[in-house]
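Structure data follow from model_26.cif (mmCIF, C-alpha atoms):
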```cif
data_query
#
loop_
_atom_site.group_PDB
_atom_site.id
_atom_site.type_symbol
_atom_site.label_atom_id
_atom_site.label_comp_id
_atom_site.auth_asym_id
_atom_site.auth_seq_id
_atom_site.Cartn_x
_atom_site.Cartn_y
_atom_site.Cartn_z
ATOM 1 C CA MET A 23 18.075 20.370 21.262
ATOM 2 C CA HIS A 24 16.239 23.415 22.577
ATOM 3 C CA VAL A 25 16.171 26.384 20.194
ATOM 4 C CA LEU A 26 15.248 29.862 21.370
ATOM 5 C CA PHE A 27 14.017 32.266 18.700
ATOM 6 C CA LEU A 28 14.656 35.829 19.849
ATOM 7 C CA ASP A 29 12.966 38.904 18.399
ATOM 8 C CA GLU A 30 12.250 42.470 19.446
ATOM 9 C CA SER A 31 8.495 42.217 20.080
ATOM 10 C CA GLY A 32 7.796 38.514 19.545
ATOM 11 C CA GLY A 33 4.894 39.248 17.248
ATOM 12 C CA ALA A 34 6.183 37.772 13.999
ATOM 13 C CA ARG A 35 9.562 36.209 13.262
ATOM 14 C CA ALA A 36 10.159 34.421 16.568
ATOM 15 C CA PRO A 37 6.732 32.732 16.661
ATOM 16 C CA LEU A 38 7.178 31.764 13.005
ATOM 17 C CA GLY A 39 10.464 30.103 13.950
ATOM 18 C CA GLU A 40 8.914 28.292 16.896
ATOM 19 C CA ALA A 41 5.914 26.986 14.952
ATOM 20 C CA LEU A 42 7.925 26.023 11.886
ATOM 21 C CA LEU A 43 10.613 24.154 13.840
ATOM 22 C CA ARG A 44 7.968 22.243 15.784
ATOM 23 C CA HIS A 45 6.371 21.299 12.469
ATOM 24 C CA ILE A 46 9.584 20.422 10.606
ATOM 25 C CA ALA A 47 11.462 18.731 13.448
ATOM 26 C CA PRO A 48 9.153 17.972 16.380
ATOM 27 C CA TRP A 49 11.950 16.124 18.186
ATOM 28 C CA HIS A 50 13.552 19.533 18.904
ATOM 29 C CA ASP A 51 12.176 21.929 21.501
ATOM 30 C CA ALA A 52 11.423 25.450 20.314
ATOM 31 C CA THR A 53 10.556 28.618 22.175
ATOM 32 C CA ALA A 54 9.899 32.127 20.916
ATOM 33 C CA ALA A 55 10.713 35.085 23.143
ATOM 34 C CA SER A 56 11.447 38.752 22.880
ATOM 35 C CA TRP A 57 12.990 41.719 24.599
ATOM 36 C CA SER A 58 9.666 43.603 24.616
ATOM 37 C CA PRO A 59 6.838 41.083 24.262
ATOM 38 C CA SER A 60 3.575 42.161 22.702
ATOM 39 C CA HIS A 61 1.340 39.537 21.064
ATOM 40 C CA VAL A 62 1.488 37.133 18.125
ATOM 41 C CA ARG A 63 -0.044 39.010 15.235
ATOM 42 C CA PRO A 64 -3.112 37.623 13.420
ATOM 43 C CA GLU A 65 -1.215 37.743 10.107
ATOM 44 C CA ILE A 66 1.306 35.254 11.498
ATOM 45 C CA ARG A 67 -1.441 32.891 12.602
ATOM 46 C CA GLU A 68 -3.001 33.230 9.139
ATOM 47 C CA VAL A 69 0.163 32.412 7.163
ATOM 48 C CA LEU A 70 0.901 29.437 9.394
ATOM 49 C CA ALA A 71 -2.627 28.103 8.899
ATOM 50 C CA GLU A 72 -2.207 28.545 5.126
ATOM 51 C CA SER A 73 0.711 26.125 5.352
ATOM 52 C CA GLY A 74 -1.248 23.633 7.416
ATOM 53 C CA ILE A 75 0.646 24.512 10.602
ATOM 54 C CA SER A 76 -1.328 25.048 13.760
ATOM 55 C CA PRO A 77 -0.659 28.359 15.502
ATOM 56 C CA GLU A 78 -2.167 26.846 18.658
ATOM 57 C CA GLY A 79 -0.265 27.762 21.794
ATOM 58 C CA LEU A 80 1.894 30.448 20.218
ATOM 59 C CA ARG A 81 2.416 33.479 22.382
ATOM 60 C CA ALA A 82 4.831 36.353 22.695
ATOM 61 C CA ARG A 83 6.906 35.534 25.765
ATOM 62 C CA GLY A 84 9.292 37.747 27.610
ATOM 63 C CA LEU A 85 12.732 36.354 28.292
ATOM 64 C CA THR A 86 11.964 36.032 31.992
ATOM 65 C CA SER A 87 9.506 33.216 31.187
ATOM 66 C CA VAL A 88 12.066 31.160 29.247
ATOM 67 C CA PRO A 89 14.199 28.521 30.985
ATOM 68 C CA LEU A 90 17.484 29.885 29.586
ATOM 69 C CA ASP A 91 19.478 27.126 31.286
ATOM 70 C CA GLU A 92 17.792 24.629 28.922
ATOM 71 C CA VAL A 93 18.550 26.531 25.694
ATOM 72 C CA ASP A 94 21.170 25.022 23.360
ATOM 73 C CA LEU A 95 20.902 27.409 20.415
ATOM 74 C CA VAL A 96 19.711 31.009 20.109
ATOM 75 C CA VAL A 97 18.480 32.195 16.727
ATOM 76 C CA ALA A 98 18.189 35.970 16.968
ATOM 77 C CA PHE A 99 16.307 38.068 14.447
ATOM 78 C CA VAL A 100 17.635 41.215 16.125
ATOM 79 C CA ALA A 101 21.133 42.210 17.146
ATOM 80 C CA ASP A 102 21.828 40.508 20.459
ATOM 81 C CA GLU A 103 25.447 41.623 20.889
ATOM 82 C CA GLY A 104 25.825 39.346 23.870
ATOM 83 C CA LYS A 105 23.076 41.047 25.921
ATOM 84 C CA LEU A 106 21.258 37.766 26.381
ATOM 85 C CA ARG A 107 22.840 35.879 29.249
ATOM 86 C CA VAL A 108 22.947 32.150 28.574
ATOM 87 C CA ARG A 109 25.227 29.427 29.865
ATOM 88 C CA PRO A 110 28.645 28.958 28.236
ATOM 89 C CA GLY A 111 28.604 26.854 25.087
ATOM 90 C CA VAL A 112 25.197 27.965 23.843
ATOM 91 C CA GLU A 113 25.469 28.584 20.142
ATOM 92 C CA ARG A 114 24.176 31.896 18.788
ATOM 93 C CA ARG A 115 23.100 32.689 15.250
ATOM 94 C CA THR A 116 21.712 35.899 13.844
ATOM 95 C CA TRP A 117 19.275 35.693 10.971
ATOM 96 C CA ARG A 118 18.872 39.153 9.500
ATOM 97 C CA LEU A 119 15.368 39.225 8.075
ATOM 98 C CA PRO A 120 13.143 42.261 7.712
ATOM 99 C CA ASP A 121 10.329 42.466 10.210
ATOM 100 C CA PRO A 122 7.220 41.697 8.156
ATOM 101 C CA LEU A 123 5.129 43.785 10.534
ATOM 102 C CA ALA A 124 7.029 46.866 9.373
ATOM 103 C CA ALA A 125 5.527 46.493 5.883
ATOM 104 C CA PRO A 126 2.688 48.852 4.914
ATOM 105 C CA GLY A 127 -0.745 47.451 5.753
ATOM 106 C CA HIS A 128 -1.626 46.409 2.218
ATOM 107 C CA GLU A 129 1.721 44.562 1.845
ATOM 108 C CA ARG A 130 1.902 43.030 5.315
ATOM 109 C CA ILE A 131 0.377 39.610 4.582
ATOM 110 C CA GLU A 132 2.761 39.106 1.657
ATOM 111 C CA ALA A 133 5.677 40.174 3.846
ATOM 112 C CA CYS A 134 4.556 37.622 6.455
ATOM 113 C CA ARG A 135 4.399 34.898 3.798
ATOM 114 C CA ALA A 136 7.889 35.821 2.600
ATOM 115 C CA ALA A 137 9.213 35.699 6.180
ATOM 116 C CA ARG A 138 7.517 32.332 6.746
ATOM 117 C CA ASP A 139 9.053 30.889 3.584
ATOM 118 C CA GLU A 140 12.549 32.220 4.312
ATOM 119 C CA ILE A 141 12.522 31.042 7.923
ATOM 120 C CA GLU A 142 11.308 27.622 6.791
ATOM 121 C CA ARG A 143 14.105 27.434 4.202
ATOM 122 C CA ARG A 144 16.722 28.323 6.830
ATOM 123 C CA LEU A 145 15.253 25.919 9.378
ATOM 124 C CA ARG A 146 15.318 23.012 6.946
ATOM 125 C CA ALA A 147 19.012 23.694 6.346
ATOM 126 C CA LEU A 148 19.613 24.005 10.096
ATOM 127 C CA VAL A 149 17.843 20.732 10.870
ATOM 128 C CA LYS A 150 19.884 19.003 8.180
ATOM 129 C CA GLU A 151 23.065 20.485 9.644
ATOM 130 C CA LEU A 152 22.146 19.399 13.166
ATOM 131 C CA GLY A 153 21.394 15.875 12.003
#
```
Let me see the file written as structure tokens.
Amino acid sequence: MHVLFLDESGGARAPLGEALLRHIAPWHDATAASWSPSHVRPEIREVLAESGISPEGLRARGLTSVPLDEVDLVVAFVADEGKLRVRPGVERRTWRLPDPLAAPGHERIEACRAARDEIERRLRALVKELG
């Protein structure tokens, strides 16, 4: 199964999803992308490394660089409202989580840890559901 994690800028939640799914269930493909790509934030790389997960290869991709015809499931951290054009039958889920990068500077690393932990919790449930 190929899971696309979709976020606004691709700097936090989507790369967390990609890295965590690759760690938890490496037999699934994972890609992070965004509507307006920027860069994977250093805080995200730091909280992944704290968990023993390599942030190697993570990048903020635009949707034009994603093979959408290979995607089986879209996990959106932002309202998609059907704007993303994928083939019929692709499942879509929206995970409403606050953007940790919106936290004030002194709270940002904790917000990134909280996002990491919540995304990991949801991914473990998803992997169990998918079998």
Practice task
Record the distance separating atom CA of A:Pro48 and atom CA of A:Ser76, expressed in Å with one decimal.
Solution key: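 Computing the Euclidean distance for atom CA of A:Pro48 and atom CA of A:Ser76 yields 12.9 Å.
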Handout entry: Pick from A:Leu85, A:Ala137, A:Ile75, A:Val97 nearest to A:His24, counting only C-alpha atoms
Key =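 That would be A:Val97, the residue with the smallest distance to A:His24.
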Handout entry: Result set, the PyMOL selection byres ((chain A and resi 134) around 7) on current file, as number ranges by chain
Key = A: 65-66, 69, 122, 130-133, 135-138
Practice task
Excluding A:Leu28 and any residue of its chain fewer than 5 positions from it, enumerate the residues within 6 Å of it, using all atoms listed in the file, and give them as a ChimeraX atom specification.
Solution key: /A:36,55-56,98
Could you write out the selected residues, including C-alpha atoms, as a PDB file, in the coordinates of the input?
```pdb
ATOM      1  CA  ALA A  36      10.159  34.421  16.568  1.00  0.00           C
ATOM      2  CA  ALA A  55      10.713  35.085  23.143  1.00  0.00           C
ATOM      3  CA  SER A  56      11.447  38.752  22.880  1.00  0.00           C
ATOM      4  CA  ALA A  98      18.189  35.970  16.968  1.00  0.00           C
TER       5      ALA A  98
END
```
Practice task
Return the single residue from A:Glu142, A:Ala82, A:Val25, A:Ala71 that is closest to A:Pro37, with distances computed using all atoms listed in the file.
Solution key: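 Once distances to A:Pro37 are computed over all atoms listed in the file, the minimum belongs to A:Ala82.
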Problem - atom CA of A:Asp121 to atom CA of A:Phe99, distance in Å rounded to a single decimal - result: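 Here the two named atoms are 8.5 Å from each other.
Between A:Val112 and the candidates A:Val62, A:Ala124, A:Val149, A:Leu95, the tightest atom-to-atom separation, counting only C-alpha atoms, involves A:Leu95.
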Problem - Expected selection from the PyMOL selection byres ((chain A and resi 144) around 12), given as a VMD selection string - result: chain A and resid 38 to 39 42 to 43 46 97 115 to 119 137 to 143 145 to 151
Can I get the selected residues back with C-alpha atoms, as an mmCIF file, keeping the file's coordinate frame?
```cif
data_model
loop_
_atom_site.group_PDB
_atom_site.id
_atom_site.type_symbol
_atom_site.label_atom_id
_atom_site.label_comp_id
_atom_site.auth_asym_id
_atom_site.auth_seq_id
_atom_site.Cartn_x
_atom_site.Cartn_y
_atom_site.Cartn_z
ATOM 1 C CA LEU A 38 7.178 31.764 13.005
ATOM 2 C CA GLY A 39 10.464 30.103 13.950
ATOM 3 C CA LEU A 42 7.925 26.023 11.886
ATOM 4 C CA LEU A 43 10.613 24.154 13.840
ATOM 5 C CA ILE A 46 9.584 20.422 10.606
ATOM 6 C CA VAL A 97 18.480 32.195 16.727
ATOM 7 C CA ARG A 115 23.100 32.689 15.250
ATOM 8 C CA THR A 116 21.712 35.899 13.844
ATOM 9 C CA TRP A 117 19.275 35.693 10.971
ATOM 10 C CA ARG A 118 18.872 39.153 9.500
ATOM 11 C CA LEU A 119 15.368 39.225 8.075
ATOM 12 C CA ALA A 137 9.213 35.699 6.180
ATOM 13 C CA ARG A 138 7.517 32.332 6.746
ATOM 14 C CA ASP A 139 9.053 30.889 3.584
ATOM 15 C CA GLU A 140 12.549 32.220 4.312
ATOM 16 C CA ILE A 141 12.522 31.042 7.923
ATOM 17 C CA GLU A 142 11.308 27.622 6.791
ATOM 18 C CA ARG A 143 14.105 27.434 4.202
ATOM 19 C CA LEU A 145 15.253 25.919 9.378
ATOM 20 C CA ARG A 146 15.318 23.012 6.946
ATOM 21 C CA ALA A 147 19.012 23.694 6.346
ATOM 22 C CA LEU A 148 19.613 24.005 10.096
ATOM 23 C CA VAL A 149 17.843 20.732 10.870
ATOM 24 C CA LYS A 150 19.884 19.003 8.180
ATOM 25 C CA GLU A 151 23.065 20.485 9.644
#
```
Handout entry: Resolved residues for the PyMOL selection byres ((chain A and resi 59) around 6) as a ChimeraX atom specification
Key = /A:31-32,56,58,60,82-84
Any chance you could model N, CA, C and O atoms for stretch 25-49 of chain A and send them as a PDB file, keeping the file's coordinate frame?
```pdb
ATOM      1  N   VAL A  25      15.862  25.184  20.961  1.00  0.00           N
ATOM      2  CA  VAL A  25      16.171  26.384  20.194  1.00  0.00           C
ATOM      3  C   VAL A  25      15.304  27.531  20.687  1.00  0.00           C
ATOM      4  O   VAL A  25      14.083  27.403  20.786  1.00  0.00           O
ATOM      5  N   LEU A  26      15.943  28.645  20.992  1.00  0.00           N
ATOM      6  CA  LEU A  26      15.248  29.862  21.370  1.00  0.00           C
ATOM      7  C   LEU A  26      15.289  30.813  20.184  1.00  0.00           C
ATOM      8  O   LEU A  26      16.359  31.133  19.666  1.00  0.00           O
ATOM      9  N   PHE A  27      14.124  31.265  19.750  1.00  0.00           N
ATOM     10  CA  PHE A  27      14.017  32.266  18.700  1.00  0.00           C
ATOM     11  C   PHE A  27      13.781  33.608  19.389  1.00  0.00           C
ATOM     12  O   PHE A  27      12.803  33.768  20.124  1.00  0.00           O
ATOM     13  N   LEU A  28      14.675  34.544  19.150  1.00  0.00           N
ATOM     14  CA  LEU A  28      14.656  35.829  19.849  1.00  0.00           C
ATOM     15  C   LEU A  28      14.344  36.955  18.871  1.00  0.00           C
ATOM     16  O   LEU A  28      14.979  37.075  17.820  1.00  0.00           O
ATOM     17  N   ASP A  29      13.373  37.776  19.234  1.00  0.00           N
ATOM     18  CA  ASP A  29      12.966  38.904  18.399  1.00  0.00           C
ATOM     19  C   ASP A  29      12.706  40.108  19.295  1.00  0.00           C
ATOM     20  O   ASP A  29      12.685  39.982  20.522  1.00  0.00           O
ATOM     21  N   GLU A  30      12.485  41.238  18.678  1.00  0.00           N
ATOM     22  CA  GLU A  30      12.250  42.470  19.446  1.00  0.00           C
ATOM     23  C   GLU A  30      10.910  42.440  20.183  1.00  0.00           C
ATOM     24  O   GLU A  30      10.852  42.636  21.381  1.00  0.00           O
ATOM     25  N   SER A  31       9.818  42.181  19.452  1.00  0.00           N
ATOM     26  CA  SER A  31       8.495  42.217  20.080  1.00  0.00           C
ATOM     27  C   SER A  31       7.854  40.836  20.204  1.00  0.00           C
ATOM     28  O   SER A  31       6.891  40.672  20.926  1.00  0.00           O
ATOM     29  N   GLY A  32       8.361  39.862  19.477  1.00  0.00           N
ATOM     30  CA  GLY A  32       7.796  38.514  19.545  1.00  0.00           C
ATOM     31  C   GLY A  32       6.494  38.360  18.806  1.00  0.00           C
ATOM     32  O   GLY A  32       5.798  37.374  18.979  1.00  0.00           O
ATOM     33  N   GLY A  33       6.160  39.309  17.949  1.00  0.00           N
ATOM     34  CA  GLY A  33       4.894  39.248  17.248  1.00  0.00           C
ATOM     35  C   GLY A  33       4.931  38.543  15.914  1.00  0.00           C
ATOM     36  O   GLY A  33       3.885  38.179  15.382  1.00  0.00           O
ATOM     37  N   ALA A  34       6.140  38.317  15.356  1.00  0.00           N
ATOM     38  CA  ALA A  34       6.183  37.772  13.999  1.00  0.00           C
ATOM     39  C   ALA A  34       7.269  36.717  13.801  1.00  0.00           C
ATOM     40  O   ALA A  34       6.984  35.524  13.748  1.00  0.00           O
ATOM     41  N   ARG A  35       8.506  37.138  13.677  1.00  0.00           N
ATOM     42  CA  ARG A  35       9.562  36.209  13.262  1.00  0.00           C
ATOM     43  C   ARG A  35       9.821  35.099  14.278  1.00  0.00           C
ATOM     44  O   ARG A  35       9.937  33.931  13.903  1.00  0.00           O
ATOM     45  N   ALA A  36       9.898  35.444  15.551  1.00  0.00           N
ATOM     46  CA  ALA A  36      10.159  34.421  16.568  1.00  0.00           C
ATOM     47  C   ALA A  36       9.051  33.373  16.634  1.00  0.00           C
ATOM     48  O   ALA A  36       9.345  32.172  16.629  1.00  0.00           O
ATOM     49  N   PRO A  37       7.761  33.774  16.654  1.00  0.00           N
ATOM     50  CA  PRO A  37       6.732  32.732  16.661  1.00  0.00           C
ATOM     51  C   PRO A  37       6.707  31.917  15.372  1.00  0.00           C
ATOM     52  O   PRO A  37       6.380  30.732  15.405  1.00  0.00           O
ATOM     53  N   LEU A  38       7.066  32.545  14.245  1.00  0.00           N
ATOM     54  CA  LEU A  38       7.178  31.764  13.005  1.00  0.00           C
ATOM     55  C   LEU A  38       8.243  30.693  13.177  1.00  0.00           C
ATOM     56  O   LEU A  38       8.033  29.531  12.830  1.00  0.00           O
ATOM     57  N   GLY A  39       9.393  31.074  13.726  1.00  0.00           N
ATOM     58  CA  GLY A  39      10.464  30.103  13.950  1.00  0.00           C
ATOM     59  C   GLY A  39      10.035  28.969  14.857  1.00  0.00           C
ATOM     60  O   GLY A  39      10.264  27.793  14.571  1.00  0.00           O
ATOM     61  N   GLU A  40       9.376  29.316  15.958  1.00  0.00           N
ATOM     62  CA  GLU A  40       8.914  28.292  16.896  1.00  0.00           C
ATOM     63  C   GLU A  40       7.952  27.317  16.229  1.00  0.00           C
ATOM     64  O   GLU A  40       8.128  26.095  16.285  1.00  0.00           O
ATOM     65  N   ALA A  41       6.928  27.849  15.568  1.00  0.00           N
ATOM     66  CA  ALA A  41       5.914  26.986  14.952  1.00  0.00           C
ATOM     67  C   ALA A  41       6.502  26.149  13.823  1.00  0.00           C
ATOM     68  O   ALA A  41       6.198  24.954  13.698  1.00  0.00           O
ATOM     69  N   LEU A  42       7.349  26.755  13.019  1.00  0.00           N
ATOM     70  CA  LEU A  42       7.925  26.023  11.886  1.00  0.00           C
ATOM     71  C   LEU A  42       8.877  24.922  12.348  1.00  0.00           C
ATOM     72  O   LEU A  42       8.853  23.814  11.803  1.00  0.00           O
ATOM     73  N   LEU A  43       9.706  25.205  13.358  1.00  0.00           N
ATOM     74  CA  LEU A  43      10.613  24.154  13.840  1.00  0.00           C
ATOM     75  C   LEU A  43       9.825  23.008  14.456  1.00  0.00           C
ATOM     76  O   LEU A  43      10.140  21.838  14.228  1.00  0.00           O
ATOM     77  N   ARG A  44       8.793  23.312  15.202  1.00  0.00           N
ATOM     78  CA  ARG A  44       7.968  22.243  15.784  1.00  0.00           C
ATOM     79  C   ARG A  44       7.304  21.396  14.702  1.00  0.00           C
ATOM     80  O   ARG A  44       7.110  20.200  14.885  1.00  0.00           O
ATOM     81  N   HIS A  45       6.985  22.023  13.587  1.00  0.00           N
ATOM     82  CA  HIS A  45       6.371  21.299  12.469  1.00  0.00           C
ATOM     83  C   HIS A  45       7.408  20.467  11.708  1.00  0.00           C
ATOM     84  O   HIS A  45       7.164  19.303  11.395  1.00  0.00           O
ATOM     85  N   ILE A  46       8.554  21.070  11.413  1.00  0.00           N
ATOM     86  CA  ILE A  46       9.584  20.422  10.606  1.00  0.00           C
ATOM     87  C   ILE A  46      10.325  19.340  11.393  1.00  0.00           C
ATOM     88  O   ILE A  46      10.614  18.271  10.857  1.00  0.00           O
ATOM     89  N   ALA A  47      10.638  19.639  12.640  1.00  0.00           N
ATOM     90  CA  ALA A  47      11.462  18.731  13.448  1.00  0.00           C
ATOM     91  C   ALA A  47      10.914  18.677  14.870  1.00  0.00           C
ATOM     92  O   ALA A  47      11.488  19.260  15.796  1.00  0.00           O
ATOM     93  N   PRO A  48       9.800  17.975  15.066  1.00  0.00           N
ATOM     94  CA  PRO A  48       9.153  17.972  16.380  1.00  0.00           C
ATOM     95  C   PRO A  48       9.991  17.345  17.499  1.00  0.00           C
ATOM     96  O   PRO A  48       9.635  17.488  18.669  1.00  0.00           O
ATOM     97  N   TRP A  49      11.080  16.696  17.166  1.00  0.00           N
ATOM     98  CA  TRP A  49      11.950  16.124  18.186  1.00  0.00           C
ATOM     99  C   TRP A  49      12.819  17.197  18.843  1.00  0.00           C
ATOM    100  O   TRP A  49      13.442  16.949  19.862  1.00  0.00           O
TER     101      TRP A  49
END
```
